[in-house]
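Visitor: This is the content of model07.cif (mmCIF, C-alpha atoms):
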```
data_protein
#
loop_
_atom_site.label_atom_id
_atom_site.label_comp_id
_atom_site.auth_asym_id
_atom_site.auth_seq_id
_atom_site.Cartn_x
_atom_site.Cartn_y
_atom_site.Cartn_z
CA MET A 1271 -8.83 -9.41 90.01
CA LEU A 1272 -10.37 -12.49 88.40
CA VAL A 1273 -8.19 -14.51 86.07
CA ALA A 1274 -10.00 -15.99 83.08
CA GLN A 1275 -10.03 -19.78 83.00
CA ARG A 1276 -8.21 -21.31 80.07
CA GLU A 1277 -10.50 -23.35 77.88
CA ILE A 1278 -9.67 -26.57 76.05
CA LEU A 1279 -12.14 -27.60 73.37
CA GLY A 1280 -14.41 -24.84 74.62
CA ILE A 1281 -14.52 -26.19 78.17
CA ALA A 1282 -12.95 -24.44 81.16
CA GLU A 1283 -10.08 -26.33 82.74
CA ASP A 1284 -11.71 -26.50 86.16
CA ARG A 1285 -14.80 -28.10 84.62
CA LEU A 1286 -12.60 -30.60 82.80
CA ASP A 1287 -10.86 -31.48 86.06
CA GLN A 1288 -14.19 -31.94 87.83
CA ALA A 1289 -15.37 -34.18 84.99
CA GLY A 1290 -12.27 -36.37 85.19
CA ALA A 1291 -11.00 -35.16 81.82
CA GLY A 1292 -8.31 -32.63 82.71
CA LEU A 1293 -5.28 -34.84 82.16
CA THR A 1294 -6.39 -36.15 78.78
CA ALA A 1295 -7.62 -32.75 77.55
CA ARG A 1296 -4.31 -31.06 78.40
CA GLU A 1297 -2.33 -33.87 76.82
CA ILE A 1298 -4.32 -33.58 73.59
CA ALA A 1299 -3.99 -29.79 73.54
CA GLN A 1300 -0.25 -29.71 74.26
CA GLN A 1301 0.85 -31.82 71.32
CA ALA A 1302 1.52 -29.08 68.79
CA GLY A 1303 3.80 -27.41 71.33
CA VAL A 1304 5.60 -30.62 72.26
CA TRP A 1305 6.44 -31.58 68.67
CA GLY A 1306 8.98 -28.77 68.37
CA ARG A 1307 10.78 -30.18 71.40
CA ILE A 1308 10.90 -33.60 69.72
CA ASP A 1309 12.39 -32.01 66.61
CA ALA A 1310 15.05 -30.32 68.74
CA LEU A 1311 15.80 -33.51 70.69
CA VAL A 1312 16.37 -35.59 67.57
CA ALA A 1313 18.54 -32.84 66.08
CA GLN A 1314 20.59 -32.77 69.30
CA ARG A 1315 21.11 -36.53 69.16
CA ARG A 1316 21.54 -36.69 65.38
CA ALA A 1317 25.24 -37.56 65.41
CA ALA A 1318 24.78 -40.40 67.89
CA LEU A 1319 21.70 -41.69 66.04
CA ASP A 1320 23.57 -41.70 62.75
CA ALA A 1321 26.54 -43.49 64.28
CA PHE A 1322 24.19 -46.24 65.43
CA LEU A 1323 21.69 -46.40 62.56
CA ALA A 1324 23.65 -45.53 59.42
CA PRO A 1325 25.82 -48.69 59.32
CA LEU A 1326 22.72 -50.83 59.91
CA LEU A 1327 20.52 -49.11 57.34
CA ALA A 1328 23.26 -49.45 54.74
CA ARG A 1329 22.87 -53.24 54.90
CA PRO A 1330 20.24 -54.43 52.38
CA GLU A 1331 19.67 -57.66 54.34
CA LEU A 1332 18.70 -55.79 57.52
CA ARG A 1333 15.18 -56.51 58.74
CA ILE A 1334 13.53 -53.64 60.63
CA VAL A 1335 10.77 -54.79 62.99
CA LEU A 1336 8.62 -51.97 64.38
CA THR A 1337 6.95 -53.16 67.54
CA GLY A 1338 4.84 -52.18 70.52
CA ALA A 1339 1.53 -53.10 72.09
CA GLY A 1340 -1.80 -51.42 71.37
CA THR A 1341 -1.32 -47.78 70.39
CA SER A 1342 2.46 -48.24 70.41
CA ALA A 1343 2.08 -50.98 67.78
CA PHE A 1344 0.12 -48.62 65.55
CA ILE A 1345 3.09 -46.24 65.44
CA GLY A 1346 4.87 -48.97 63.49
CA GLU A 1347 1.86 -49.43 61.21
CA CYS A 1348 1.99 -45.72 60.34
CA LEU A 1349 5.75 -45.71 59.87
CA ALA A 1350 6.32 -48.96 57.94
CA PRO A 1351 4.94 -47.76 54.55
CA ALA A 1352 7.19 -44.70 54.68
CA LEU A 1353 10.27 -46.83 55.42
CA LEU A 1354 9.37 -49.32 52.70
CA GLY A 1355 9.03 -46.40 50.30
CA ARG A 1356 12.68 -45.54 51.06
CA GLY A 1357 13.80 -49.04 50.11
CA LEU A 1358 14.18 -50.36 53.65
CA ARG A 1359 12.96 -53.81 54.67
CA ALA A 1360 10.50 -52.78 57.36
CA GLU A 1361 7.46 -54.38 58.92
CA ALA A 1362 5.17 -53.66 61.84
CA LEU A 1363 4.72 -56.56 64.26
CA PRO A 1364 2.98 -56.10 67.63
CA THR A 1365 4.83 -57.32 70.70
CA THR A 1366 1.67 -59.28 71.49
CA ASP A 1367 2.26 -61.37 68.35
CA ILE A 1368 5.98 -61.77 68.92
CA VAL A 1369 5.48 -62.96 72.50
CA SER A 1370 2.82 -65.53 71.65
CA GLY A 1371 4.53 -66.75 68.47
CA PRO A 1372 8.26 -66.05 68.54
CA ALA A 1373 8.99 -68.98 66.22
CA CYS A 1374 6.61 -67.49 63.66
CA PHE A 1375 7.82 -63.92 63.72
CA LEU A 1376 11.53 -63.89 64.60
CA GLN A 1377 14.09 -65.03 62.01
CA PRO A 1378 17.30 -66.23 63.68
CA GLY A 1379 19.53 -65.94 60.64
CA VAL A 1380 18.44 -62.47 59.55
CA PRO A 1381 20.16 -59.37 61.00
CA THR A 1382 17.35 -57.50 62.76
CA LEU A 1383 16.79 -54.05 64.15
CA LEU A 1384 13.94 -54.25 66.68
CA VAL A 1385 12.39 -50.80 67.15
CA SER A 1386 10.41 -50.80 70.40
CA PHE A 1387 7.84 -48.05 71.00
CA ALA A 1388 6.70 -47.79 74.61
CA ARG A 1389 5.01 -45.06 76.65
CA SER A 1390 5.77 -46.63 80.02
CA GLY A 1391 8.41 -49.08 78.86
CA SER A 1392 7.19 -51.56 81.46
CA SER A 1393 4.42 -53.44 79.67
CA PRO A 1394 5.11 -57.16 80.08
CA GLU A 1395 4.97 -57.88 76.34
CA SER A 1396 7.36 -55.03 75.48
CA VAL A 1397 10.00 -56.32 77.87
CA ALA A 1398 9.45 -59.94 76.78
CA ALA A 1399 9.70 -59.14 73.04
CA VAL A 1400 13.15 -57.63 73.54
CA ALA A 1401 14.26 -60.64 75.56
CA LEU A 1402 12.96 -63.07 72.92
CA ALA A 1403 14.77 -61.22 70.15
CA ASP A 1404 17.99 -61.43 72.18
CA GLN A 1405 17.38 -65.13 72.77
CA LEU A 1406 16.48 -66.19 69.23
CA VAL A 1407 18.04 -63.81 66.71
CA GLY A 1408 21.72 -64.31 66.05
CA GLU A 1409 22.47 -60.67 65.21
CA VAL A 1410 20.01 -58.27 66.80
CA TYR A 1411 20.05 -54.53 67.48
CA HIS A 1412 17.53 -52.45 69.39
CA LEU A 1413 16.22 -48.91 69.02
CA VAL A 1414 14.07 -48.07 72.04
CA VAL A 1415 11.79 -45.02 71.73
CA THR A 1416 10.14 -44.37 75.07
CA CYS A 1417 8.62 -41.67 77.25
CA ASN A 1418 9.62 -42.99 80.68
CA SER A 1419 13.10 -42.87 82.17
CA ALA A 1420 11.98 -45.23 84.96
CA GLY A 1421 10.64 -47.86 82.55
CA GLU A 1422 12.19 -51.29 82.34
CA LEU A 1423 13.08 -50.95 78.64
CA TYR A 1424 14.98 -47.71 79.13
CA ARG A 1425 16.82 -48.93 82.21
CA ALA A 1426 17.76 -52.23 80.55
CA ALA A 1427 19.13 -50.40 77.50
CA GLN A 1428 21.86 -48.63 79.44
CA GLY A 1429 25.40 -49.80 78.75
CA ARG A 1430 24.50 -52.14 75.87
CA ALA A 1431 26.47 -51.60 72.67
CA ASN A 1432 23.71 -53.02 70.45
CA VAL A 1433 21.00 -50.76 71.89
CA PHE A 1434 20.18 -47.10 71.30
CA ALA A 1435 17.59 -45.57 73.63
CA LEU A 1436 15.81 -42.39 72.61
CA LEU A 1437 14.14 -40.96 75.73
CA LEU A 1438 11.51 -38.33 74.99
CA PRO A 1439 10.68 -35.38 77.28
CA ASP A 1440 8.62 -36.10 80.38
CA ALA A 1441 5.67 -34.16 78.92
CA THR A 1442 5.20 -37.02 76.45
CA HIS A 1443 4.61 -39.53 79.25
CA ASP A 1444 0.82 -39.26 79.32
CA ARG A 1445 -0.71 -39.50 82.77
CA GLY A 1446 -4.22 -40.03 81.40
CA PHE A 1447 -5.46 -43.48 80.45
CA ALA A 1448 -5.28 -42.99 76.69
CA MET A 1449 -2.06 -42.48 74.78
CA THR A 1450 -2.20 -39.11 73.02
CA THR A 1451 0.99 -37.02 73.25
CA SER A 1452 3.04 -40.20 73.60
CA PHE A 1453 1.66 -41.59 70.32
CA THR A 1454 2.34 -38.54 68.17
CA SER A 1455 5.69 -37.81 69.83
CA MET A 1456 7.07 -41.33 69.37
CA LEU A 1457 5.83 -41.39 65.76
CA LEU A 1458 7.48 -38.04 65.04
CA ALA A 1459 10.71 -39.00 66.80
CA ALA A 1460 11.05 -42.21 64.78
CA ALA A 1461 10.14 -40.50 61.51
CA LEU A 1462 12.86 -37.93 62.15
CA ALA A 1463 15.36 -40.55 63.31
CA PHE A 1464 14.92 -42.58 60.12
CA GLY A 1465 14.86 -39.49 57.92
CA VAL A 1466 11.36 -39.98 56.51
CA MET A 1467 10.46 -36.55 57.89
CA ALA A 1468 12.89 -33.67 57.51
CA PRO A 1469 14.27 -31.69 60.45
CA GLY A 1470 11.86 -28.92 61.37
CA ALA A 1471 8.98 -30.61 59.55
CA SER A 1472 6.84 -30.71 62.69
CA SER A 1473 6.07 -26.99 62.43
CA VAL A 1474 3.61 -27.53 59.57
CA PRO A 1475 1.34 -30.12 61.27
CA ALA A 1476 1.67 -28.18 64.53
CA GLY A 1477 0.28 -25.03 62.96
CA ALA A 1478 -2.41 -26.98 61.14
CA ALA A 1479 -3.48 -28.84 64.28
CA ARG A 1480 -3.78 -25.61 66.28
CA ALA A 1481 -5.87 -23.93 63.59
CA ALA A 1482 -8.03 -27.01 63.07
CA LEU A 1483 -8.81 -27.38 66.78
CA ASP A 1484 -10.11 -23.83 66.89
CA ALA A 1485 -12.03 -24.01 63.61
CA SER A 1486 -13.54 -27.47 64.07
CA LEU A 1487 -15.08 -27.07 67.52
CA PRO A 1488 -18.65 -26.47 66.21
CA LEU A 1489 -18.26 -29.50 63.92
CA LEU A 1490 -16.99 -31.72 66.73
CA ARG A 1491 -19.82 -30.63 69.03
CA ASP A 1492 -22.39 -31.38 66.34
CA LEU A 1493 -20.97 -34.84 65.69
CA VAL A 1494 -20.85 -35.68 69.39
CA ALA A 1495 -24.41 -34.51 69.94
CA ARG A 1496 -25.64 -36.98 67.32
CA ARG A 1497 -24.38 -39.90 69.46
CA PHE A 1498 -23.44 -42.21 66.62
CA ARG A 1499 -23.44 -45.84 67.69
CA ARG A 1500 -20.73 -46.72 65.17
CA VAL A 1501 -17.76 -44.79 63.82
CA VAL A 1502 -15.54 -46.00 60.99
CA TYR A 1503 -12.12 -44.51 60.23
CA LEU A 1504 -10.61 -45.15 56.79
CA GLY A 1505 -7.10 -44.38 55.56
CA SER A 1506 -4.57 -45.55 52.97
CA ASN A 1507 -0.93 -46.51 53.50
CA GLU A 1508 0.50 -44.52 56.45
CA LEU A 1509 -3.01 -43.30 57.26
CA ARG A 1510 -4.37 -46.83 57.62
CA GLY A 1511 -2.35 -47.23 60.80
CA LEU A 1512 -3.68 -43.88 61.91
CA ALA A 1513 -7.25 -45.00 61.23
CA ARG A 1514 -6.61 -47.95 63.52
CA GLU A 1515 -5.30 -45.69 66.27
CA ALA A 1516 -8.26 -43.31 65.89
CA SER A 1517 -10.69 -46.20 66.27
CA LEU A 1518 -8.92 -47.48 69.38
CA LYS A 1519 -8.97 -44.01 70.94
CA LEU A 1520 -12.73 -43.79 70.54
CA LEU A 1521 -13.25 -47.32 71.88
CA GLU A 1522 -11.06 -46.61 74.91
CA LEU A 1523 -12.47 -43.23 75.84
CA THR A 1524 -16.11 -44.27 75.37
CA ASP A 1525 -15.51 -47.50 77.32
CA GLY A 1526 -16.71 -49.50 74.32
CA GLN A 1527 -20.12 -47.80 74.19
CA VAL A 1528 -19.33 -46.57 70.68
CA VAL A 1529 -18.27 -49.34 68.31
CA ALA A 1530 -15.29 -48.04 66.34
CA LEU A 1531 -13.78 -49.76 63.32
CA PHE A 1532 -11.01 -49.06 60.81
CA ASP A 1533 -9.98 -50.12 57.32
CA SER A 1534 -8.43 -48.85 54.11
CA PRO A 1535 -10.79 -47.21 51.60
CA LEU A 1536 -10.21 -50.00 49.09
CA GLY A 1537 -10.50 -52.74 51.70
CA PHE A 1538 -13.72 -51.32 53.11
CA ARG A 1539 -15.74 -52.42 50.10
CA HIS A 1540 -14.80 -56.06 50.67
CA GLY A 1541 -17.37 -56.82 53.34
CA PRO A 1542 -16.82 -54.30 56.17
CA LYS A 1543 -18.95 -51.72 54.36
CA THR A 1544 -22.02 -53.67 55.49
CA VAL A 1545 -21.66 -52.04 58.93
CA VAL A 1546 -22.75 -48.64 57.58
CA ASP A 1547 -26.22 -47.49 58.60
CA ALA A 1548 -27.99 -44.31 59.69
CA ASP A 1549 -26.27 -44.48 63.10
CA THR A 1550 -22.79 -44.63 61.55
CA LEU A 1551 -20.24 -41.86 61.14
CA VAL A 1552 -17.60 -42.59 58.48
CA VAL A 1553 -14.39 -40.54 58.62
CA VAL A 1554 -12.16 -40.70 55.53
CA LEU A 1555 -8.55 -39.65 56.16
CA LEU A 1556 -7.53 -38.44 52.72
CA SER A 1557 -3.98 -39.06 51.52
CA ASN A 1558 -1.86 -36.37 49.89
CA ASP A 1559 -0.26 -39.02 47.71
CA ALA A 1560 -1.78 -38.42 44.27
CA HIS A 1561 -2.20 -42.12 43.47
CA ALA A 1562 -3.74 -43.15 46.80
CA ARG A 1563 -5.91 -40.04 46.91
CA ARG A 1564 -7.78 -41.08 43.75
CA TYR A 1565 -8.91 -44.28 45.47
CA ASP A 1566 -9.74 -42.39 48.67
CA LEU A 1567 -11.95 -39.94 46.76
CA ASP A 1568 -13.67 -42.73 44.83
CA LEU A 1569 -14.74 -44.37 48.09
CA LEU A 1570 -15.68 -41.01 49.65
CA ASN A 1571 -17.95 -40.18 46.72
CA GLU A 1572 -19.42 -43.69 46.70
CA LEU A 1573 -20.35 -43.44 50.37
CA ARG A 1574 -22.05 -40.12 49.73
CA ARG A 1575 -23.96 -41.49 46.76
CA ASP A 1576 -25.08 -44.51 48.80
CA GLY A 1577 -26.70 -42.24 51.37
CA SER A 1578 -26.60 -45.03 53.97
CA ALA A 1579 -24.31 -43.40 56.53
CA GLY A 1580 -25.57 -40.94 59.11
CA ARG A 1581 -22.62 -38.71 58.23
CA VAL A 1582 -19.57 -38.97 55.99
CA LEU A 1583 -16.69 -36.67 56.90
CA ALA A 1584 -13.40 -36.17 55.05
CA LEU A 1585 -10.19 -34.84 56.64
CA GLY A 1586 -7.32 -33.84 54.38
CA GLY A 1587 -4.64 -31.40 53.39
CA GLN A 1588 -6.10 -30.58 49.97
CA ALA A 1589 -9.52 -29.10 49.20
CA GLY A 1590 -10.03 -30.82 45.84
CA GLY A 1591 -12.99 -33.21 45.91
CA LEU A 1592 -14.18 -32.12 49.35
CA GLU A 1593 -17.50 -30.58 50.38
CA PRO A 1594 -18.15 -27.54 52.61
CA GLY A 1595 -18.78 -29.76 55.67
CA ASP A 1596 -15.38 -31.43 55.38
CA LEU A 1597 -12.18 -30.30 57.12
CA VAL A 1598 -9.07 -29.11 55.28
CA PHE A 1599 -5.85 -28.59 57.25
CA GLU A 1600 -4.29 -25.21 56.59
CA GLY A 1601 -0.90 -25.17 54.87
CA MET A 1602 -0.74 -28.93 54.34
CA GLU A 1603 -1.37 -29.12 50.60
CA ALA A 1604 2.12 -30.49 49.96
CA ALA A 1605 2.70 -32.28 53.26
CA GLY A 1606 3.59 -35.95 53.46
CA ASP A 1607 1.10 -38.38 54.93
CA LEU A 1608 3.05 -38.82 58.18
CA ALA A 1609 2.71 -35.07 58.78
CA LEU A 1610 -0.99 -35.33 57.91
CA ALA A 1611 -1.27 -38.18 60.41
CA LEU A 1612 -0.04 -35.93 63.23
CA ALA A 1613 -2.59 -33.22 62.52
CA SER A 1614 -5.44 -35.66 61.86
CA ILE A 1615 -5.10 -37.65 65.06
CA VAL A 1616 -5.42 -34.52 67.20
CA LEU A 1617 -8.92 -34.02 65.78
CA CYS A 1618 -9.78 -37.70 66.27
CA GLN A 1619 -8.54 -37.63 69.87
CA SER A 1620 -10.58 -34.50 70.55
CA PHE A 1621 -13.73 -36.09 69.16
CA ALA A 1622 -13.15 -39.16 71.33
CA LEU A 1623 -12.73 -37.07 74.48
CA LEU A 1624 -15.90 -35.05 73.80
CA ALA A 1625 -17.82 -38.25 73.01
CA SER A 1626 -16.66 -39.68 76.35
CA LEU A 1627 -17.94 -36.63 78.22
CA GLU A 1628 -21.23 -36.75 76.31
CA LEU A 1629 -21.74 -40.30 77.61
CA GLY A 1630 -21.12 -39.22 81.19
CA LEU A 1631 -17.74 -40.96 81.46
CA ARG A 1632 -14.49 -39.74 82.98
CA PRO A 1633 -11.95 -39.74 80.11
CA ASP A 1634 -8.88 -39.86 82.37
CA THR A 1635 -10.17 -43.19 83.77
CA PRO A 1636 -12.89 -44.27 81.33
CA SER A 1637 -13.18 -47.95 82.28
CA ARG A 1638 -16.15 -48.14 84.64
CA THR A 1639 -15.33 -51.71 85.69
CA GLY A 1640 -11.60 -51.05 86.12
CA THR A 1641 -10.82 -54.13 84.04
CA VAL A 1642 -8.83 -52.12 81.48
CA ASN A 1643 -5.81 -50.24 82.81
CA ARG A 1644 -3.33 -47.59 81.71
CA VAL A 1645 -0.47 -50.11 81.88
CA VAL A 1646 -1.62 -53.63 81.09
CA ARG A 1647 -1.84 -55.97 84.08
CA GLY A 1648 -2.41 -59.66 84.53
CA VAL A 1649 -0.15 -60.87 81.70
CA THR A 1650 1.84 -64.01 82.48
CA ILE A 1651 4.98 -64.32 80.37
CA TYR A 1652 5.95 -67.94 79.76
CA PRO A 1653 9.51 -68.95 78.90
CA PHE A 1654 10.02 -69.94 75.29
CA GLU A 1655 11.96 -73.19 75.18
CA GLY A 1656 11.92 -73.94 71.46
CA ASP A 1657 13.87 -72.56 68.53
CA ALA A 1658 12.75 -70.05 65.96
CA HIS A 1659 12.10 -71.48 62.52
CA VAL A 1660 15.39 -72.18 60.80
CA PRO A 1661 15.29 -72.15 56.98
CA ARG A 1662 16.06 -75.51 55.41
CA ASP A 1663 18.03 -76.02 52.23
#
```
I'd like the structure from this file rewritten - as structure tokens, please.

Guide:
Amino acid sequence: MLVAQREILGIAEDRLDQAGAGLTAREIAQQAGVWGRIDALVAQRRAALDAFLAPLLARPELRIVLTGAGTSAFIGECLAPALLGRGLRAEALPTTDIVSGPACFLQPGVPTLLVSFARSGSSPESVAAVALADQLVGEVYHLVVTCNSAGELYRAAQGRANVFALLLPDATHDRGFAMTTSFTSMLLAAALAFGVMAPGASSVPAGAARAALDASLPLLRDLVARRFRRVVYLGSNELRGLAREASLKLLELTDGQVVALFDSPLGFRHGPKTVVDADTLVVVLLSNDAHARRYDLDLLNELRRDGSAGRVLALGGQAGGLEPGDLVFEGMEAAGDLALALASIVLCQSFALLASLELGLRPDTPSRTGTVNRVVRGVTIYPFEGDAHVPRD
């Protein structure tokens, strides 16, 4: 008896494996199922998280630094606006900035919670940023959110009173080149840990992502077949960080053959809009926030009136202001933008994988030269021998 092959994005799994796309395709497709496990994990560790975080978050002088490298840094960019909206002093700073300029970015006299996002937990900059914070900040605490129990960050966190390590299930530790499940899972875990998403909230974007993947396949195929040379992702507030991650995913999986950019809808008018031509796809990630959405729709309508782009596509949770060719996520009319981010990135990841295959690449290892790697190599970490900037009277 023949067993039907499971398909992902309309492609049989054995064909995906032969094309060097099986790992990445499965990791994109599994996300909606993994998010429930993240919800359960954070709920299980809620008491311990609160014991660590609550006293810190109650201090108005606490500085929260959300950090990571590459995709992991963009988790912080998505999360920071939500934390700021809750009255917390939060900012997203890549480890790559902290390591090269510790005196610029670390404040020795300010109590600091360094939140490190790391898929492998062994990237040189991730390890060095933690060490620099310990060296330069007088009162520092660490929240490590990672997918790898064998990573240096997780192992170094054990037994330290000022460190809380949140280890996610092994399924989140992507084996493909591009971060997919690890990105959404670490974002969700942190959003739940800080209370900017409610327990159980992952079920809404999970259902929307599943439905959207099925419904959008003809759209994705059409977009890929047009072989746009440029793709621009636009988003406001939490969705600006997501636009940045979507652009990186397309750059990575197409090995730079497609030029991908990002901006906010308001910022795009200030020069970057000149990139738009007939070979450009513009994707507007519409906010559910009523105030931000008005600006998003203004730019969306302007782009359509201009008629310069090869295609303008809107993704959102609400149908108002959208056209038949746009994509509306089911059941997300009242969802927050972090939940929208989870559903939206699944579509962006899927487009990137299909674009990679269209170009004849192998998405699990897309770099043809081998000069770009899953875990960054070749970074020399130099000791920092100075002092961080000390405020003067």

Visitor: CA of Asp1525 (chain A) to CA of Gly1630 (chain A): how many Å, to one decimal?

Guide: 10.7 Å

Visitor: Considering only C-alpha atoms, state which residue in the set A:Ser1626, A:Thr1544, A:Ser1386, A:Ser1370 is at the smallest distance from Arg1497 (chain A).

Guide: A:Ser1626

Visitor: Given all atoms listed in the file, how would the per-residue table for region 1334-1385 of chain A near region 1423-1438 of chain A read, listing every residue at most 12 Å away with its closest atom pair and distance in Å to one decimal, sorted by chain and number, as CSV?

Guide:
```
residue,atom,partner,partner_atom,distance
A:Gly1338,CA,A:Leu1423,CA,11.6
A:Pro1381,CA,A:Asn1432,CA,11.9
A:Thr1382,CA,A:Asn1432,CA,10.9
A:Leu1383,CA,A:Val1433,CA,9.4
A:Leu1384,CA,A:Val1433,CA,9.4
A:Val1385,CA,A:Phe1434,CA,9.6
```

Visitor: Interatomic distance between CA of Phe1322 (chain A) and CA of Gly1379 (chain A)?

Guide: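 One can read the CA of Phe1322 (chain A) to CA of Gly1379 (chain A) distance as 20.8 Å.
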
Visitor: Select, from A:Val1369, A:Ala1548, A:Ile1615, A:Leu1376, the residue with the minimum atom-to-atom distance to Leu1509 (chain A), counting all atoms listed in the file.

Guide: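 Distance minimum relative to Leu1509 (chain A) lands on A:Ile1615.
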
Visitor: For a cutoff of 12 Å around the file-coordinate point (-10.7, -26.3, 54.9), which residues qualify once you count only C-alpha atoms? I'd like the result as a CSV table (one decimal) with C-alpha atoms, in the coordinates of the input.

Guide:
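The file below, point-v9.csv, is the result:
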```csv
chain,number,residue,atom,x,y,z
A,1478,ALA,CA,-2.4,-27.0,61.1
A,1481,ALA,CA,-5.9,-23.9,63.6
A,1482,ALA,CA,-8.0,-27.0,63.1
A,1485,ALA,CA,-12.0,-24.0,63.6
A,1486,SER,CA,-13.5,-27.5,64.1
A,1584,ALA,CA,-13.4,-36.2,55.0
A,1585,LEU,CA,-10.2,-34.8,56.6
A,1586,GLY,CA,-7.3,-33.8,54.4
A,1587,GLY,CA,-4.6,-31.4,53.4
A,1588,GLN,CA,-6.1,-30.6,50.0
A,1589,ALA,CA,-9.5,-29.1,49.2
A,1590,GLY,CA,-10.0,-30.8,45.8
A,1591,GLY,CA,-13.0,-33.2,45.9
A,1592,LEU,CA,-14.2,-32.1,49.4
A,1593,GLU,CA,-17.5,-30.6,50.4
A,1594,PRO,CA,-18.2,-27.5,52.6
A,1595,GLY,CA,-18.8,-29.8,55.7
A,1596,ASP,CA,-15.4,-31.4,55.4
A,1597,LEU,CA,-12.2,-30.3,57.1
A,1598,VAL,CA,-9.1,-29.1,55.3
A,1599,PHE,CA,-5.8,-28.6,57.2
A,1600,GLU,CA,-4.3,-25.2,56.6
A,1601,GLY,CA,-0.9,-25.2,54.9
A,1602,MET,CA,-0.7,-28.9,54.3
A,1603,GLU,CA,-1.4,-29.1,50.6
```

Visitor: For Pro1351 (chain A), which residue out of A:Arg1307, A:Ser1452, A:Glu1508, A:Ala1622 is the nearest one, using only C-alpha atoms?

Guide: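 Among the listed residues, A:Glu1508 lies closest to Pro1351 (chain A).
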